[in-house]
>>> print(open('data.txt').read())   # compact mmCIF, C-alpha atoms and all ligand atoms
# COMPACT_ATOMS: atom_id res chain seq x y z
CA MET B 66 -1.81 70.48 68.64
CA ASN B 67 -2.95 68.79 65.44
CA ARG B 68 -0.33 69.24 62.66
CA ASN B 69 -3.23 69.84 60.32
CA PRO B 70 -5.52 72.18 62.29
CA LYS B 71 -9.17 72.31 61.31
CA LYS B 72 -10.71 74.82 63.67
CA PHE B 73 -9.52 78.19 64.99
CA SER B 74 -11.59 80.21 67.45
CA VAL B 75 -11.27 83.68 68.91
CA VAL B 76 -12.78 84.43 72.31
CA GLY B 77 -13.38 88.19 72.60
CA ALA B 78 -13.14 89.06 68.92
CA GLY B 79 -12.95 92.85 68.96
CA ALA B 80 -10.24 94.79 67.11
CA LEU B 81 -7.31 92.38 67.62
CA GLY B 82 -9.20 89.08 67.49
CA THR B 83 -11.25 90.02 64.43
CA ILE B 84 -8.16 91.03 62.41
CA LEU B 85 -6.30 87.82 63.26
CA GLY B 86 -9.29 85.51 62.89
CA GLY B 87 -10.35 87.21 59.66
CA LEU B 88 -6.88 87.19 58.08
CA ILE B 89 -6.37 83.52 58.96
CA LYS B 90 -9.71 82.69 57.29
CA HIS B 91 -8.74 84.83 54.29
CA HIS B 92 -5.52 82.85 53.77
CA ARG B 93 -6.94 79.43 54.75
CA PRO B 94 -10.61 79.39 53.64
CA ASP B 95 -10.82 75.64 54.45
CA LEU B 96 -10.27 76.35 58.17
CA ASP B 97 -13.35 76.66 60.38
CA VAL B 98 -12.99 80.11 62.01
CA VAL B 99 -15.35 81.01 64.88
CA LEU B 100 -15.39 84.51 66.40
CA VAL B 101 -16.96 84.73 69.87
CA THR B 102 -17.98 88.34 70.28
CA ARG B 103 -20.98 90.41 71.25
CA GLY B 104 -22.93 93.64 70.74
CA GLU B 105 -23.37 95.44 67.43
CA HIS B 106 -20.07 94.01 66.10
CA CYS B 107 -21.43 90.48 66.49
CA ARG B 108 -24.85 91.36 65.01
CA GLN B 109 -23.26 92.95 61.93
CA ILE B 110 -20.92 89.99 61.23
CA ARG B 111 -23.79 87.54 61.64
CA GLN B 112 -25.97 89.56 59.29
CA THR B 113 -23.39 89.80 56.49
CA GLY B 114 -21.53 86.54 57.25
CA GLN B 115 -18.21 88.34 56.84
CA VAL B 116 -15.75 90.79 58.36
CA VAL B 117 -14.25 93.70 56.42
CA LEU B 118 -10.52 94.16 57.07
CA HIS B 119 -8.38 97.10 55.97
CA GLY B 120 -4.59 97.19 56.08
CA PRO B 121 -1.45 97.13 53.93
CA TRP B 122 -3.16 94.39 51.86
CA GLY B 123 -5.94 96.81 50.88
CA GLN B 124 -9.32 95.38 51.79
CA CYS B 125 -10.53 91.81 52.21
CA SER B 126 -13.86 90.38 53.39
CA PRO B 127 -13.43 86.81 54.62
CA GLU B 128 -16.52 84.82 55.59
CA VAL B 129 -16.50 83.85 59.27
CA THR B 130 -18.89 82.53 61.89
CA ALA B 131 -19.74 84.99 64.67
CA THR B 132 -21.45 83.89 67.86
CA THR B 133 -22.09 84.97 71.43
CA ASP B 134 -22.12 81.35 72.57
CA VAL B 135 -18.75 80.19 73.96
CA LYS B 136 -19.80 76.55 73.53
CA GLU B 137 -19.23 76.99 69.78
CA ILE B 138 -15.46 76.94 70.31
CA ALA B 139 -15.65 73.20 71.16
CA ASP B 140 -13.19 71.03 69.18
CA SER B 141 -10.93 73.97 68.32
CA ASP B 142 -7.25 73.29 67.73
CA LEU B 143 -6.34 76.79 68.86
CA VAL B 144 -8.30 79.38 70.85
CA LEU B 145 -7.05 82.95 70.63
CA PHE B 146 -8.03 84.82 73.79
CA THR B 147 -8.46 88.57 73.26
CA VAL B 148 -10.98 89.89 75.77
CA LYS B 149 -9.91 93.02 77.65
CA SER B 150 -7.90 92.11 80.76
CA GLN B 151 -10.71 92.95 83.20
CA HIS B 152 -12.85 90.19 81.58
CA THR B 153 -10.13 87.51 81.77
CA ALA B 154 -11.03 85.45 84.84
CA GLU B 155 -14.78 85.37 84.21
CA THR B 156 -14.48 84.55 80.48
CA ALA B 157 -11.81 81.90 81.10
CA ARG B 158 -14.17 80.19 83.58
CA GLN B 159 -16.93 80.22 80.96
CA ILE B 160 -14.82 78.55 78.27
CA ALA B 161 -13.01 76.04 80.52
CA PRO B 162 -15.59 73.24 80.06
CA VAL B 163 -15.30 73.37 76.24
CA LEU B 164 -11.53 73.87 75.82
CA GLY B 165 -10.74 70.17 75.57
CA ASP B 166 -7.23 69.72 74.11
CA ALA B 167 -7.16 73.16 72.51
CA THR B 168 -4.10 75.38 72.89
CA LEU B 169 -5.11 78.78 74.29
CA VAL B 170 -3.07 81.83 73.29
CA SER B 171 -3.60 85.14 75.10
CA LEU B 172 -2.30 88.17 73.23
CA GLN B 173 -3.80 90.59 75.74
CA ASN B 174 -1.91 93.53 77.12
CA GLY B 175 -1.28 92.87 80.77
CA VAL B 176 0.17 89.79 82.44
CA ASN B 177 -2.93 87.66 82.84
CA GLN B 178 -1.59 84.14 83.35
CA ARG B 179 -2.49 84.32 87.04
CA GLU B 180 -6.15 84.59 86.06
CA LEU B 181 -5.95 82.09 83.21
CA ARG B 182 -4.17 79.28 85.07
CA PRO B 183 -7.18 78.10 87.11
CA SER B 184 -9.15 77.50 83.88
CA VAL B 185 -6.52 76.45 81.33
CA ARG B 186 -4.17 73.44 81.38
CA ALA B 187 -0.59 74.63 81.95
CA ASP B 188 0.67 72.50 79.04
CA ARG B 189 -1.82 74.19 76.69
CA LEU B 190 -1.48 77.79 77.93
CA LEU B 191 0.48 80.29 75.85
CA VAL B 192 0.69 84.03 76.42
CA GLY B 193 2.40 86.80 74.53
CA MET B 194 2.46 90.33 73.32
CA THR B 195 1.72 92.04 70.04
CA ALA B 196 3.21 95.29 68.77
CA THR B 197 0.37 95.63 66.26
CA ASN B 198 -2.32 98.32 66.56
CA MET B 199 -5.82 98.13 65.14
CA ALA B 200 -9.27 99.58 65.71
CA ILE B 201 -12.89 98.72 64.96
CA THR B 202 -13.89 101.53 62.59
CA SER B 203 -17.54 100.45 62.42
CA PRO B 204 -19.30 97.24 63.50
CA GLY B 205 -17.91 94.32 61.48
CA GLU B 206 -15.06 96.43 60.10
CA VAL B 207 -11.48 96.64 61.45
CA THR B 208 -8.41 98.59 60.30
CA LEU B 209 -4.82 97.57 61.01
CA GLN B 210 -3.07 100.84 61.88
CA ARG B 211 0.35 99.47 62.69
CA ASN B 212 1.88 96.14 61.76
CA GLY B 213 4.47 94.84 64.20
CA LEU B 214 5.94 91.73 65.71
CA SER B 215 3.90 89.42 67.95
CA MET B 216 5.58 86.92 70.28
CA ILE B 217 4.15 83.94 72.14
CA GLY B 218 5.48 81.43 74.64
CA SER B 219 4.64 79.17 77.55
CA PRO B 220 4.55 81.23 80.79
CA ASP B 221 5.63 78.22 82.84
CA ASN B 222 7.81 76.69 80.10
CA VAL B 223 5.78 73.47 80.37
CA CYS B 224 4.01 73.57 77.02
CA PRO B 225 5.81 71.17 74.62
CA SER B 226 7.86 73.11 72.05
CA ALA B 227 6.02 71.34 69.19
CA ILE B 228 2.75 72.83 70.45
CA VAL B 229 4.26 76.31 70.80
CA GLN B 230 5.64 76.07 67.26
CA ALA B 231 2.34 74.77 65.84
CA ALA B 232 0.48 77.68 67.48
CA ARG B 233 2.96 80.14 65.99
CA ASP B 234 2.59 78.55 62.55
CA LEU B 235 -1.19 78.80 62.72
CA LEU B 236 -1.16 82.45 63.84
CA ALA B 237 1.43 83.32 61.17
CA ILE B 238 -1.06 82.20 58.48
CA SER B 239 -2.53 85.68 59.10
CA GLY B 240 0.50 87.10 57.24
CA LEU B 241 1.49 89.10 60.34
CA PRO B 242 4.91 88.32 61.89
CA PHE B 243 4.86 85.89 64.84
CA GLU B 244 7.82 84.52 66.82
CA THR B 245 8.15 82.23 69.82
CA SER B 246 10.15 82.91 72.98
CA ASP B 247 11.08 80.95 76.09
CA GLN B 248 11.33 84.23 78.05
CA ILE B 249 7.79 85.32 77.45
CA LEU B 250 7.22 86.80 80.92
CA GLY B 251 10.07 89.28 80.43
CA ILE B 252 8.72 90.12 76.96
CA GLN B 253 5.23 90.77 78.33
CA TYR B 254 6.71 93.17 80.90
CA ASN B 255 8.81 94.83 78.19
CA LYS B 256 5.60 95.70 76.29
CA LEU B 257 3.84 96.61 79.53
CA LEU B 258 6.48 99.23 80.37
CA LEU B 259 6.07 100.79 76.91
CA ASN B 260 2.33 100.94 77.50
CA THR B 261 2.74 102.61 80.92
CA MET B 262 4.12 105.62 78.99
CA GLY B 263 1.75 105.33 76.03
CA TYR B 264 -1.29 105.27 78.31
CA ALA B 265 -0.01 108.38 80.09
CA SER B 266 -0.23 110.22 76.75
CA VAL B 267 -3.95 109.38 76.71
CA LEU B 268 -4.44 111.51 79.85
CA SER B 269 -4.35 114.68 77.74
CA ASP B 270 -5.49 113.05 74.48
CA SER B 271 -1.99 113.74 73.13
CA ASP B 272 -0.06 112.17 70.30
CA PHE B 273 2.49 109.88 71.97
CA ILE B 274 5.25 110.65 69.44
CA THR B 275 4.98 114.35 68.55
CA ASP B 276 3.40 115.81 71.71
CA GLY B 277 4.79 113.10 73.99
CA ILE B 278 8.33 111.82 73.66
CA LEU B 279 9.42 114.59 71.26
CA PHE B 280 8.21 117.30 73.66
CA GLY B 281 10.94 117.89 76.27
CA PRO B 282 8.77 118.71 79.33
CA TRP B 283 6.50 115.68 78.79
CA ARG B 284 9.44 113.39 78.14
CA ARG B 285 11.38 114.58 81.20
CA HIS B 286 8.53 114.86 83.69
CA VAL B 287 6.16 112.09 82.54
CA ALA B 288 7.76 109.45 80.28
CA LEU B 289 11.18 109.03 81.87
CA PRO B 290 9.95 109.00 85.50
CA LEU B 291 7.37 106.35 84.54
CA LEU B 292 9.97 104.26 82.75
CA ASN B 293 12.59 104.56 85.51
CA GLU B 294 9.98 103.70 88.15
CA GLY B 295 8.82 100.65 86.17
CA LEU B 296 12.41 99.42 85.75
CA THR B 297 13.09 99.85 89.48
CA VAL B 298 9.93 97.95 90.41
CA LEU B 299 10.68 95.06 88.03
CA GLU B 300 14.20 94.81 89.42
CA ALA B 301 12.85 94.74 92.98
CA ALA B 302 10.43 91.99 91.89
CA GLY B 303 13.27 89.98 90.32
CA ILE B 304 11.68 90.13 86.85
CA HIS B 305 14.19 90.19 83.99
CA LEU B 306 13.07 92.00 80.86
CA GLY B 307 12.99 89.92 77.67
CA ARG B 308 14.26 91.80 74.61
CA THR B 309 12.37 92.43 71.39
CA SER B 310 13.44 93.94 68.10
CA GLY B 311 13.42 97.62 67.07
CA MET B 312 11.74 100.42 69.04
CA SER B 313 9.24 97.89 70.44
CA ASP B 314 12.02 97.14 72.95
CA VAL B 315 11.63 99.36 76.00
CA LEU B 316 15.35 99.48 76.88
CA ARG B 317 16.24 100.65 73.36
CA PHE B 318 13.33 103.08 73.54
CA GLY B 319 14.61 104.39 76.90
CA ARG B 320 18.03 105.10 75.33
CA LEU B 321 16.26 107.09 72.61
CA LEU B 322 14.40 109.13 75.25
CA ARG B 323 17.66 109.94 77.04
CA ALA B 324 19.41 110.83 73.77
CA LEU B 325 16.61 113.27 72.98
CA ASN B 326 17.42 115.08 76.24
CA THR B 327 20.77 116.17 74.74
CA PRO B 328 20.53 119.99 74.37
CA GLY B 329 19.59 121.07 70.84
CA VAL B 330 18.40 117.65 69.71
CA ASP B 331 14.68 117.40 70.36
CA GLY B 332 13.55 120.67 68.75
CA PRO B 333 14.89 119.78 65.28
CA ALA B 334 13.85 116.12 65.76
CA ARG B 335 10.30 117.23 66.56
CA TRP B 336 10.20 119.51 63.50
CA VAL B 337 11.45 116.76 61.16
CA VAL B 338 8.97 114.19 62.51
CA LYS B 339 6.00 116.61 62.52
CA GLN B 340 6.67 118.20 59.11
CA LEU B 341 8.26 115.39 57.12
CA VAL B 342 7.50 111.99 58.67
CA ARG B 343 3.97 112.91 59.88
CA PRO B 344 3.35 109.65 61.74
CA LYS B 345 -0.25 108.52 62.21
CA LYS B 346 -1.46 109.09 65.75
CA LEU B 347 -1.34 105.85 67.75
CA VAL B 348 -4.85 105.25 69.07
CA TYR B 349 -4.50 103.34 72.33
CA SER B 350 -7.31 101.04 73.40
CA VAL B 351 -7.50 102.93 76.72
CA TYR B 352 -8.40 106.04 74.70
CA GLN B 353 -11.01 104.13 72.69
CA ASP B 354 -12.56 102.84 75.91
CA LEU B 355 -12.64 106.32 77.45
CA VAL B 356 -14.42 107.89 74.46
CA ARG B 357 -16.89 105.00 74.41
CA GLY B 358 -17.56 105.43 78.13
CA LYS B 359 -16.24 101.92 78.96
CA PRO B 360 -13.99 100.84 81.85
CA THR B 361 -10.32 100.69 80.78
CA GLU B 362 -7.53 98.13 81.31
CA ILE B 363 -5.46 100.63 83.32
CA ASP B 364 -5.42 98.47 86.49
CA TYR B 365 -3.63 95.77 84.45
CA ILE B 366 -0.95 98.05 82.94
CA ASN B 367 0.20 100.95 85.14
CA GLY B 368 -1.80 99.24 87.90
CA GLU B 369 0.33 96.10 87.47
CA ILE B 370 3.46 98.14 88.30
CA VAL B 371 1.66 99.57 91.37
CA ARG B 372 0.60 96.04 92.42
CA LEU B 373 4.13 94.64 92.02
CA ALA B 374 5.59 97.62 93.89
CA GLY B 375 3.22 96.92 96.80
CA GLU B 376 4.30 93.24 96.84
CA CYS B 377 7.98 94.25 96.98
CA GLY B 378 7.60 97.05 99.52
CA VAL B 379 8.67 99.81 97.11
CA SER B 380 6.57 102.74 95.90
CA ALA B 381 5.30 103.58 92.42
CA PRO B 382 3.78 107.08 92.69
CA TYR B 383 4.05 107.97 88.97
CA ASN B 384 2.22 104.85 87.81
CA GLY B 385 -0.22 105.32 90.70
CA LEU B 386 -0.97 108.81 89.40
CA VAL B 387 -1.74 107.49 85.89
CA VAL B 388 -4.11 104.88 87.36
CA GLN B 389 -5.87 107.50 89.47
CA MET B 390 -6.18 110.04 86.62
CA ILE B 391 -7.51 107.44 84.15
CA HIS B 392 -10.09 106.29 86.71
CA ASP B 393 -11.10 109.95 87.16
CA LEU B 394 -11.51 110.23 83.37
CA GLU B 395 -13.67 107.07 83.30
CA LYS B 396 -16.21 109.01 85.42
CA ARG B 397 -16.18 112.20 83.30
CA PRO B 398 -17.90 112.95 79.98
CA SER B 399 -16.01 111.15 77.21
CA ASP B 400 -14.64 114.33 75.56
CA GLN B 401 -13.14 115.92 78.68
CA PHE B 402 -9.37 115.53 79.00
CA PRO B 403 -6.94 117.66 81.04
CA THR B 404 -4.52 119.76 79.01
CA HIS B 405 -0.96 118.68 78.32
CA GLU B 406 0.28 121.36 80.76
CA GLN B 407 -2.08 120.21 83.52
CA VAL B 408 -0.84 116.62 83.21
CA ILE B 409 2.82 117.67 83.27
CA ALA B 410 2.10 119.86 86.33
CA ARG B 411 0.54 116.89 88.21
CA PHE B 412 3.67 114.81 87.50
CA ARG B 413 5.99 117.67 88.51
CA GLU B 414 4.23 117.91 91.88
CA LEU B 415 5.40 114.34 92.56
CA SER B 416 9.06 115.11 91.90
CA ASP B 417 9.12 118.48 93.76
N1 LIG B 501 -6.49 96.90 69.61
C1 LIG B 501 -5.17 96.92 69.58
O1 LIG B 501 -4.54 97.63 68.77
C2 LIG B 501 -4.38 96.04 70.53
C3 LIG B 501 -3.00 95.91 70.32
C4 LIG B 501 -2.26 95.14 71.18
C5 LIG B 501 -2.86 94.49 72.24
N2 LIG B 501 -4.20 94.65 72.43
C6 LIG B 501 -4.79 93.96 73.58
O2 LIG B 501 -5.62 92.92 73.11
C7 LIG B 501 -6.76 92.77 73.97
C8 LIG B 501 -8.02 92.99 73.15
O3 LIG B 501 -8.00 94.32 72.66
P1 LIG B 501 -9.06 94.83 71.60
O4 LIG B 501 -8.66 96.21 71.25
O5 LIG B 501 -9.25 93.82 70.55
O6 LIG B 501 -10.36 94.90 72.54
P2 LIG B 501 -11.88 94.97 72.11
O7 LIG B 501 -12.00 95.58 70.75
O8 LIG B 501 -12.63 95.57 73.25
O9 LIG B 501 -12.27 93.43 71.96
C9 LIG B 501 -12.66 92.59 73.00
C10 LIG B 501 -14.05 92.09 72.64
O10 LIG B 501 -14.37 90.99 73.48
C11 LIG B 501 -15.76 91.11 73.79
N3 LIG B 501 -16.03 90.27 74.94
C12 LIG B 501 -15.59 90.40 76.21
N4 LIG B 501 -16.04 89.36 76.96
C13 LIG B 501 -16.79 88.59 76.14
C14 LIG B 501 -17.53 87.40 76.31
N5 LIG B 501 -17.60 86.79 77.50
N6 LIG B 501 -18.18 86.88 75.25
C15 LIG B 501 -18.12 87.48 74.05
N7 LIG B 501 -17.43 88.61 73.81
C16 LIG B 501 -16.78 89.16 74.85
C17 LIG B 501 -15.91 92.58 74.04
O11 LIG B 501 -17.26 92.98 74.09
P3 LIG B 501 -17.63 94.32 74.93
O12 LIG B 501 -17.05 95.45 74.15
O13 LIG B 501 -19.12 94.28 74.93
O14 LIG B 501 -17.03 94.18 76.29
C18 LIG B 501 -15.15 93.14 72.83
O15 LIG B 501 -15.94 93.15 71.69
C19 LIG B 501 -6.57 93.80 75.08
O16 LIG B 501 -5.89 93.22 76.15
C20 LIG B 501 -5.69 94.86 74.42
O17 LIG B 501 -4.95 95.63 75.35
C21 LIG B 501 -4.97 95.39 71.60
>>> encode(input="data.txt", output="structure tokens")
Amino acid sequence: MNRNPKKFSVVGAGALGTILGGLIKHHRPDLDVVLVTRGEHCRQIRQTGQVVLHGPWGQCSPEVTATTDVKEIADSDLVLFTVKSQHTAETARQIAPVLGDATLVSLQNGVNQRELRPSVRADRLLVGMTATNMAITSPGEVTLQRNGLSMIGSPDNVCPSAIVQAARDLLAISGLPFETSDQILGIQYNKLLLNTMGYASVLSDSDFITDGILFGPWRRHVALPLLNEGLTVLEAAGIHLGRTSGMSDVLRFGRLLRALNTPGVDGPARWVVKQLVRPKKLVYSVYQDLVRGKPTEIDYINGEIVRLAGECGVSAPYNGLVVQMIHDLEKRPSDQFPTHEQVIARFRELSD
């Protein structure tokens, strides 16, 4: 990748892509930043010529180019790929003829290199994970709800390290923390296992922290069985988890879950967190899709564990249940969720 990049494009600029593309333009106004997006979000950015970004920096409104035409990414140094997982293969095929020498970085949830490889040169393909959380609050406007580490790497370890480093440096212009890893597959699965539990909290529209992991019955009957099942499946598949820092690391997180099972611990912990810490509710993209009546990425998260289990000849009933229940919700009116108790009861039926 050019040491002095001139053009940065985002393919699928929704919440994640708009924040990163916008922040990079904010810090490097000389860089040509193109956001490929669609719908009302695209129309609004084109009309105003800018995106409005909220976060720890306050508010900024960098001027960017928005387009629905993938051909406008031609001559990019780096293409950030942030469509939802179910749009990966089709969108990658569309952009393949105009990728040229560009490095493509997927920060999608899910392990999508299988679908990207046919369209992207192996020595220019980078994938990763991000522990950030953001949402489109209105067309053209995005709020960063949680800052966190993002990591990228070459899934086949064939991308020259200078290119990986240059991609990291460009993405870090956003001001958000980026690191590189040569164990990126294990790091993607680390994040995926965390999401298998987070997405289960969406089933009852519950807060993952206060009504999820800090609530004994949910933790014991939903979170821990999902986590243990995911770990068993990855072991059967011969996939080694890569480690990340803090509570973004699923093994450290699992130890916390087990520690909370110690009698007398979780009640006071729940009170302290609810009354004193009052964390903001994490709004998962699966939830946003459900309330907007859109298909979700569930087949690429809990469904990925089910798929791997099938390949290895083991079973994954807990993740299978999440996939089935989310698909049921996709067909219902957007404000209808089962209760917390109903979800826990469905999981208990599996262990009885
Ligand atoms: N948001 C977060 O906090 C977050 C955090 C970590 C990881 N992620 C992951 O990052 C990925 C993107 O998430 P997101 O929340 O940013 O999703 P999003 O808001 O739905 O953004 C994706 C955008 O791409 C558009 N799109 C899809 N195909 C397109 C095409 N061919 N041409 C132009 N536009 C196209 C979509 O339009 P339509 O809506 O019309 O389909 C949508 O606007 C997902 O894998 C997600 O799991 C998100």
>>> residues_around(input="data.txt", residues="B:Lys345", least_positions_apart="2", cutoff="12 Å", atoms="all atoms listed in the file", output="list in words")
Asn198, Leu209, Gln210, Arg211, Asp272, Phe273, Ile274, Thr275, Val338, Lys339, Val342, Arg343, Leu347 and Val348 of chain B
>>> residues_around(input="data.txt", residues="B:Ala232", least_positions_apart="2", cutoff="9 Å", atoms="all atoms listed in the file", output="CSV table (one decimal) with C-alpha atoms, in the coordinates of the input")
chain,number,residue,atom,x,y,z
B,66,MET,CA,-1.8,70.5,68.6
B,142,ASP,CA,-7.2,73.3,67.7
B,143,LEU,CA,-6.3,76.8,68.9
B,168,THR,CA,-4.1,75.4,72.9
B,169,LEU,CA,-5.1,78.8,74.3
B,170,VAL,CA,-3.1,81.8,73.3
B,191,LEU,CA,0.5,80.3,75.8
B,217,ILE,CA,4.2,83.9,72.1
B,227,ALA,CA,6.0,71.3,69.2
B,228,ILE,CA,2.8,72.8,70.4
B,229,VAL,CA,4.3,76.3,70.8
B,230,GLN,CA,5.6,76.1,67.3
B,234,ASP,CA,2.6,78.6,62.6
B,235,LEU,CA,-1.2,78.8,62.7
B,236,LEU,CA,-1.2,82.4,63.8
B,237,ALA,CA,1.4,83.3,61.2
>>> residues_around(input="data.txt", residues="stretch 147-151 of chain B", least_positions_apart="4", cutoff="9 Å", atoms="all atoms listed in the file", output="list in words")
Val75, Val76, Gly77, Ala78, Gly79, Ala80, Leu81, Gly82, Glu155, Thr156, Val170, Ser171, Leu172, Gln173, Asn174, Gly175, Val176, Asn177, Pro360, Thr361, Glu362, Asp364 and Tyr365 of chain B
>>> residues_around(input="data.txt", residues="B:Asp270", least_positions_apart="3", cutoff="9 Å", atoms="only C-alpha atoms", output="count of residues only")
8
>>> atom_distance(input="data.txt", atom1="atom CA of B:Glu395", atom2="atom CA of B:Val356")
8.9 Å
>>> axis_aligned_box(input="data.txt", around="ligand LIG 501 (chain B)", padding_each_side="4 Å", output="AutoDock Vina command-line options")
--center_x -10.7 --center_y 92.2 --center_z 73.1 --size_x 24.9 --size_y 18.8 --size_z 16.7
>>> residues_around(input="data.txt", residues="B:Glu206", least_positions_apart="4", cutoff="8 Å", atoms="all atoms listed in the file", output="tab-separated table (two decimals) with C-alpha atoms, in the frame of the given file")
chain	number	residue	atom	x	y	z
B	116	VAL	CA	-15.75	90.79	58.36
B	117	VAL	CA	-14.25	93.70	56.42
B	118	LEU	CA	-10.52	94.16	57.07
B	119	HIS	CA	-8.38	97.10	55.97
B	201	ILE	CA	-12.89	98.72	64.96
B	202	THR	CA	-13.89	101.53	62.59
>>> atom_distance(input="data.txt", atom1="atom CA of B:Thr133", atom2="atom CA of B:Val163")
14.3 Å
>>> atom_distance(input="data.txt", atom1="atom CA of B:Ser239", atom2="atom CA of B:Lys359")
29.1 Å
>>> closest_residue(input="data.txt", among="B:Leu250, B:Ala265, B:Leu259, B:Val351", to="ligand LIG 501 (chain B)", atoms="only C-alpha atoms and all ligand atoms")
B:Val351
>>> closest_residue(input="data.txt", among="B:Ile363, B:Ala324, B:Val223, B:Leu181", to="ligand LIG 501 (chain B)", atoms="all atoms listed in the file")
B:Ile363
>>> closest_residue(input="data.txt", among="B:Pro70, B:Pro183, B:Pro282, B:Gly358", to="ligand LIG 501 (chain B)", atoms="all atoms listed in the file")
B:Gly358
>>> closest_residue(input="data.txt", among="B:Ile160, B:Ile238, B:Val408, B:Gly251", to="B:Gly303", atoms="all atoms listed in the file")
B:Gly251
>>> closest_residue(input="data.txt", among="B:Ile409, B:Leu258, B:Leu306, B:Val387", to="B:Val287", atoms="all atoms listed in the file")
B:Ile409
>>> closest_residue(input="data.txt", among="B:Ser380, B:Gln353, B:Thr261, B:Ser141", to="ligand LIG 501 (chain B)", atoms="only C-alpha atoms and all ligand atoms")
B:Gln353
